Amino acid sequence: MDIKRVTVNDIDQLQKIGRQTFFETFSAGNTPEDMTKYLEEGFSTERLAAELNNKNSEFYFAQLNDQIIGYLKLNFGQSQTELKDDNALEIERIYVLKEYHEKKIGQLLYQKAMEIARQRNAGYVWLGVWEENERAINFYKKNGFVEFDQHIFKLGNDEQTDIMMKLQLKCK
């Protein structure tokens, strides 16, 4: 298994894995209309290009035998979706194809995020996770994250509650 930094040249692959993993993860709990709207807007070529060209965001693919099986998105500084803290790193997305769940791919992507947080001397790592995504909440709790707040995530026309979780890395 390899982890590779994503560039703007990989936009089609990012769009494909992004849409597929998001659909697999959330389609059962959302209406087809809301899913379609979010997949079209959230993973549009224009939006992904802007995110890939943002110097304060990074994407990484998890690859197995040259097949992309998951990805990670990190945000720093003003690119963070909420806190915008220069002392923090946000894990915005860790998604893995359903057929590779339980194979520790998410853990490897998480470890990559933690490696980058240490390289950047981040004081803490934070993220938002849908309150109904027990699998992800348990994953982050197992890795030492604690709940500290919540925010609204809009999926299509549906406003959903995300639990905000944080992992303190060092004292500053």
# chains A, B, ... in the order shown; residues from 1 in each chain; ligands from 1
call {"tool": "closest_atom_pairs", "arguments": {"of": "region 89-145 of chain A", "to": "region 42-59 of chain A", "cutoff": "10 Å", "atoms": "only C-alpha atoms", "output": "CSV"}}
result
residue,atom,partner,partner_atom,distance
A:Leu89,CA,A:Ser57,CA,9.8
A:Glu90,CA,A:Ser57,CA,9.3
A:Ile91,CA,A:Ser57,CA,9.9
A:Glu92,CA,A:Ser57,CA,9.5
A:Arg93,CA,A:Phe59,CA,9.0
A:Ile94,CA,A:Phe59,CA,9.8
A:Ala113,CA,A:Glu58,CA,9.9
call {"tool": "residues_around", "arguments": {"residues": "Glu40 (chain A)", "least_positions_apart": "4", "cutoff": "12 Å", "atoms": "only C-alpha atoms", "output": "PyMOL selection string"}}
result
chain A and resi 15-16+18-20+22-23+33-36+44-48+155-156
call {"tool": "closest_atom_pairs", "arguments": {"of": "region 3-87 of chain A", "to": "region 129-150 of chain A", "cutoff": "9 Å", "atoms": "only C-alpha atoms", "output": "Markdown table"}}
result
| residue | atom | partner | partner_atom | distance |
| --- | --- | --- | --- | --- |
| A:Thr25 | CA | A:Asn133 | CA | 8.6 |
| A:Phe26 | CA | A:Asn133 | CA | 8.6 |
| A:Gly29 | CA | A:Glu132 | CA | 8.6 |
call {"tool": "write_last_selection", "arguments": {"atoms": "C-alpha atoms", "output": "PDB file, in the first residue's frame"}}
result
ATOM      1  CA  THR A  25     -20.587   6.201   3.212  1.00  0.00           C
ATOM      2  CA  PHE A  26     -23.679   8.411   3.299  1.00  0.00           C
ATOM      3  CA  GLY A  29     -28.899   7.943   5.434  1.00  0.00           C
TER       4      GLY A  29
END
call {"tool": "closest_residue", "arguments": {"among": "A:Asn9, A:Ala28, A:Leu83, A:Tyr38", "to": "Glu159 (chain A)", "atoms": "only C-alpha atoms"}}
result
A:Tyr38
call {"tool": "residues_around", "arguments": {"residues": "Gly128 (chain A)", "least_positions_apart": "4", "cutoff": "8 Å", "atoms": "only C-alpha atoms", "output": "ChimeraX atom specification"}}
result
/A:92,150-151,162-165
call {"tool": "write_last_selection", "arguments": {"atoms": "N, CA and C atoms", "output": "compact mmCIF listing (two decimals), in the first residue's frame"}}
result
# COMPACT_ATOMS: atom_id res chain seq x y z
N GLU A 92 -10.05 17.07 7.12
CA GLU A 92 -11.39 17.30 6.56
C GLU A 92 -12.01 16.00 6.05
N GLN A 150 -19.87 21.27 18.21
CA GLN A 150 -20.56 20.74 17.04
C GLN A 150 -20.81 21.88 16.07
N HIS A 151 -21.05 21.51 14.81
CA HIS A 151 -21.36 22.51 13.79
C HIS A 151 -22.33 21.89 12.79
N ASP A 162 -22.61 17.91 12.78
CA ASP A 162 -21.31 17.25 12.88
C ASP A 162 -20.78 17.45 14.29
N ILE A 163 -20.22 16.40 14.85
CA ILE A 163 -19.53 16.49 16.12
C ILE A 163 -18.10 16.91 15.81
N MET A 164 -17.63 17.94 16.50
CA MET A 164 -16.25 18.38 16.32
C MET A 164 -15.40 17.68 17.38
N MET A 165 -14.29 17.11 16.92
CA MET A 165 -13.41 16.34 17.80
C MET A 165 -11.99 16.88 17.68
call {"tool": "residues_around", "arguments": {"residues": "Arg5 (chain A)", "least_positions_apart": "2", "cutoff": "12 Å", "atoms": "only C-alpha atoms", "output": "PDB file with C-alpha atoms, in the first residue's frame"}}
result
ATOM      1  CA  ASP A   2       1.335   3.401  -0.989  1.00  0.00           C
ATOM      2  CA  ILE A   3       0.302   6.899   0.030  1.00  0.00           C
ATOM      3  CA  THR A   7      -1.718  17.015  -7.672  1.00  0.00           C
ATOM      4  CA  VAL A   8      -4.007  18.958  -9.967  1.00  0.00           C
ATOM      5  CA  ASN A   9      -3.125  16.411 -12.694  1.00  0.00           C
ATOM      6  CA  ASP A  10      -4.996  13.795 -10.603  1.00  0.00           C
ATOM      7  CA  ILE A  11      -8.264  15.742 -10.529  1.00  0.00           C
ATOM      8  CA  LEU A  14      -9.862  12.512  -7.068  1.00  0.00           C
ATOM      9  CA  LEU A  52      -5.900  21.299  -5.076  1.00  0.00           C
ATOM     10  CA  SER A  57      -4.780  22.166   1.700  1.00  0.00           C
ATOM     11  CA  GLU A  58      -3.266  18.799   0.802  1.00  0.00           C
ATOM     12  CA  PHE A  59      -4.748  15.597  -0.574  1.00  0.00           C
ATOM     13  CA  TYR A  60      -3.243  12.104  -0.459  1.00  0.00           C
ATOM     14  CA  PHE A  61      -4.316   8.909  -2.221  1.00  0.00           C
ATOM     15  CA  ALA A  62      -4.097   5.468  -0.681  1.00  0.00           C
ATOM     16  CA  GLN A  63      -3.114   3.120  -3.515  1.00  0.00           C
ATOM     17  CA  ILE A  68      -6.816   4.243  -5.669  1.00  0.00           C
ATOM     18  CA  TYR A  71      -7.934   9.429   0.191  1.00  0.00           C
ATOM     19  CA  LEU A  72      -7.163  12.030   2.811  1.00  0.00           C
ATOM     20  CA  LYS A  73      -7.693  15.815   2.799  1.00  0.00           C
ATOM     21  CA  LEU A  74      -5.919  18.115   5.257  1.00  0.00           C
ATOM     22  CA  LEU A 109      -4.207   7.637   6.115  1.00  0.00           C
ATOM     23  CA  LYS A 112      -0.070  10.152   7.448  1.00  0.00           C
ATOM     24  CA  ALA A 113      -2.140  13.062   8.783  1.00  0.00           C
ATOM     25  CA  ILE A 116       2.216  15.908   8.714  1.00  0.00           C
TER      26      ILE A 116
END
call {"tool": "select_by_dssp", "arguments": {"residues": "chain A", "states": "alpha helix (DSSP H)", "output": "VMD selection string"}}
result
chain A and resid 11 to 26 32 to 42 45 to 52 105 to 119 134 to 142
call {"tool": "select_by_dssp", "arguments": {"residues": "chain A", "states": "strand (DSSP E or B)", "output": "count of residues only"}}
result
59
call {"tool": "residues_around", "arguments": {"residues": "Glu99 (chain A)", "least_positions_apart": "3", "cutoff": "10 Å", "atoms": "only C-alpha atoms", "output": "PDB file with N, CA and C atoms, in the first residue's frame"}}
result
ATOM      1  N   GLU A  24     -20.892   5.819  -0.968  1.00  0.00           N
ATOM      2  CA  GLU A  24     -20.911   4.570  -0.198  1.00  0.00           C
ATOM      3  C   GLU A  24     -21.118   4.831   1.293  1.00  0.00           C
ATOM      4  N   ILE A  69      -7.709   3.472  -3.561  1.00  0.00           N
ATOM      5  CA  ILE A  69      -8.711   2.830  -2.698  1.00  0.00           C
ATOM      6  C   ILE A  69      -9.195   3.745  -1.569  1.00  0.00           C
ATOM      7  N   VAL A  96     -12.409   5.720   2.514  1.00  0.00           N
ATOM      8  CA  VAL A  96     -11.863   4.481   1.962  1.00  0.00           C
ATOM      9  C   VAL A  96     -13.008   3.735   1.286  1.00  0.00           C
ATOM     10  N   GLU A 102     -12.077  -2.200   7.211  1.00  0.00           N
ATOM     11  CA  GLU A 102     -11.542  -3.245   8.099  1.00  0.00           C
ATOM     12  C   GLU A 102     -10.177  -3.757   7.636  1.00  0.00           C
ATOM     13  N   LYS A 103      -9.523  -3.042   6.736  1.00  0.00           N
ATOM     14  CA  LYS A 103      -8.190  -3.458   6.274  1.00  0.00           C
ATOM     15  C   LYS A 103      -7.116  -2.452   6.696  1.00  0.00           C
TER      16      LYS A 103
END
call {"tool": "atom_distance", "arguments": {"atom1": "CA of Ala88 (chain A)", "atom2": "CA of Ile17 (chain A)"}}
result
26.4 Å
call {"tool": "closest_residue", "arguments": {"among": "A:Gln107, A:Thr81, A:Asn87, A:Asn157", "to": "Leu169 (chain A)", "atoms": "only C-alpha atoms"}}
result
A:Asn87
call {"tool": "residues_around", "arguments": {"residues": "Gly77 (chain A)", "least_positions_apart": "6", "cutoff": "7 Å", "atoms": "only C-alpha atoms", "output": "number ranges by chain"}}
result
A: 56, 84-86
call {"tool": "write_last_selection", "arguments": {"atoms": "N, CA, C and O atoms", "output": "PDB file, in the first residue's frame"}}
result
ATOM      1  N   ASN A  56      -2.763  25.813   1.339  1.00  0.00           N
ATOM      2  CA  ASN A  56      -3.056  25.409   2.709  1.00  0.00           C
ATOM      3  C   ASN A  56      -3.954  24.179   2.801  1.00  0.00           C
ATOM      4  O   ASN A  56      -4.565  23.925   3.839  1.00  0.00           O
ATOM      5  N   LYS A  84      -9.726  27.850  11.858  1.00  0.00           N
ATOM      6  CA  LYS A  84      -8.747  28.728  11.203  1.00  0.00           C
ATOM      7  C   LYS A  84      -7.593  29.099  12.147  1.00  0.00           C
ATOM      8  O   LYS A  84      -7.149  30.237  12.206  1.00  0.00           O
ATOM      9  N   ASP A  85      -7.113  28.107  12.873  1.00  0.00           N
ATOM     10  CA  ASP A  85      -6.060  28.291  13.870  1.00  0.00           C
ATOM     11  C   ASP A  85      -4.734  27.852  13.262  1.00  0.00           C
ATOM     12  O   ASP A  85      -4.583  26.698  12.853  1.00  0.00           O
ATOM     13  N   ASP A  86      -3.765  28.764  13.226  1.00  0.00           N
ATOM     14  CA  ASP A  86      -2.452  28.430  12.665  1.00  0.00           C
ATOM     15  C   ASP A  86      -1.726  27.357  13.474  1.00  0.00           C
ATOM     16  O   ASP A  86      -0.766  26.770  12.990  1.00  0.00           O
TER      17      ASP A  86
END
call {"tool": "closest_residue", "arguments": {"among": "A:His101, A:Trp126, A:Leu167, A:Glu41", "to": "Asn75 (chain A)", "atoms": "only C-alpha atoms"}}
result
A:Trp126
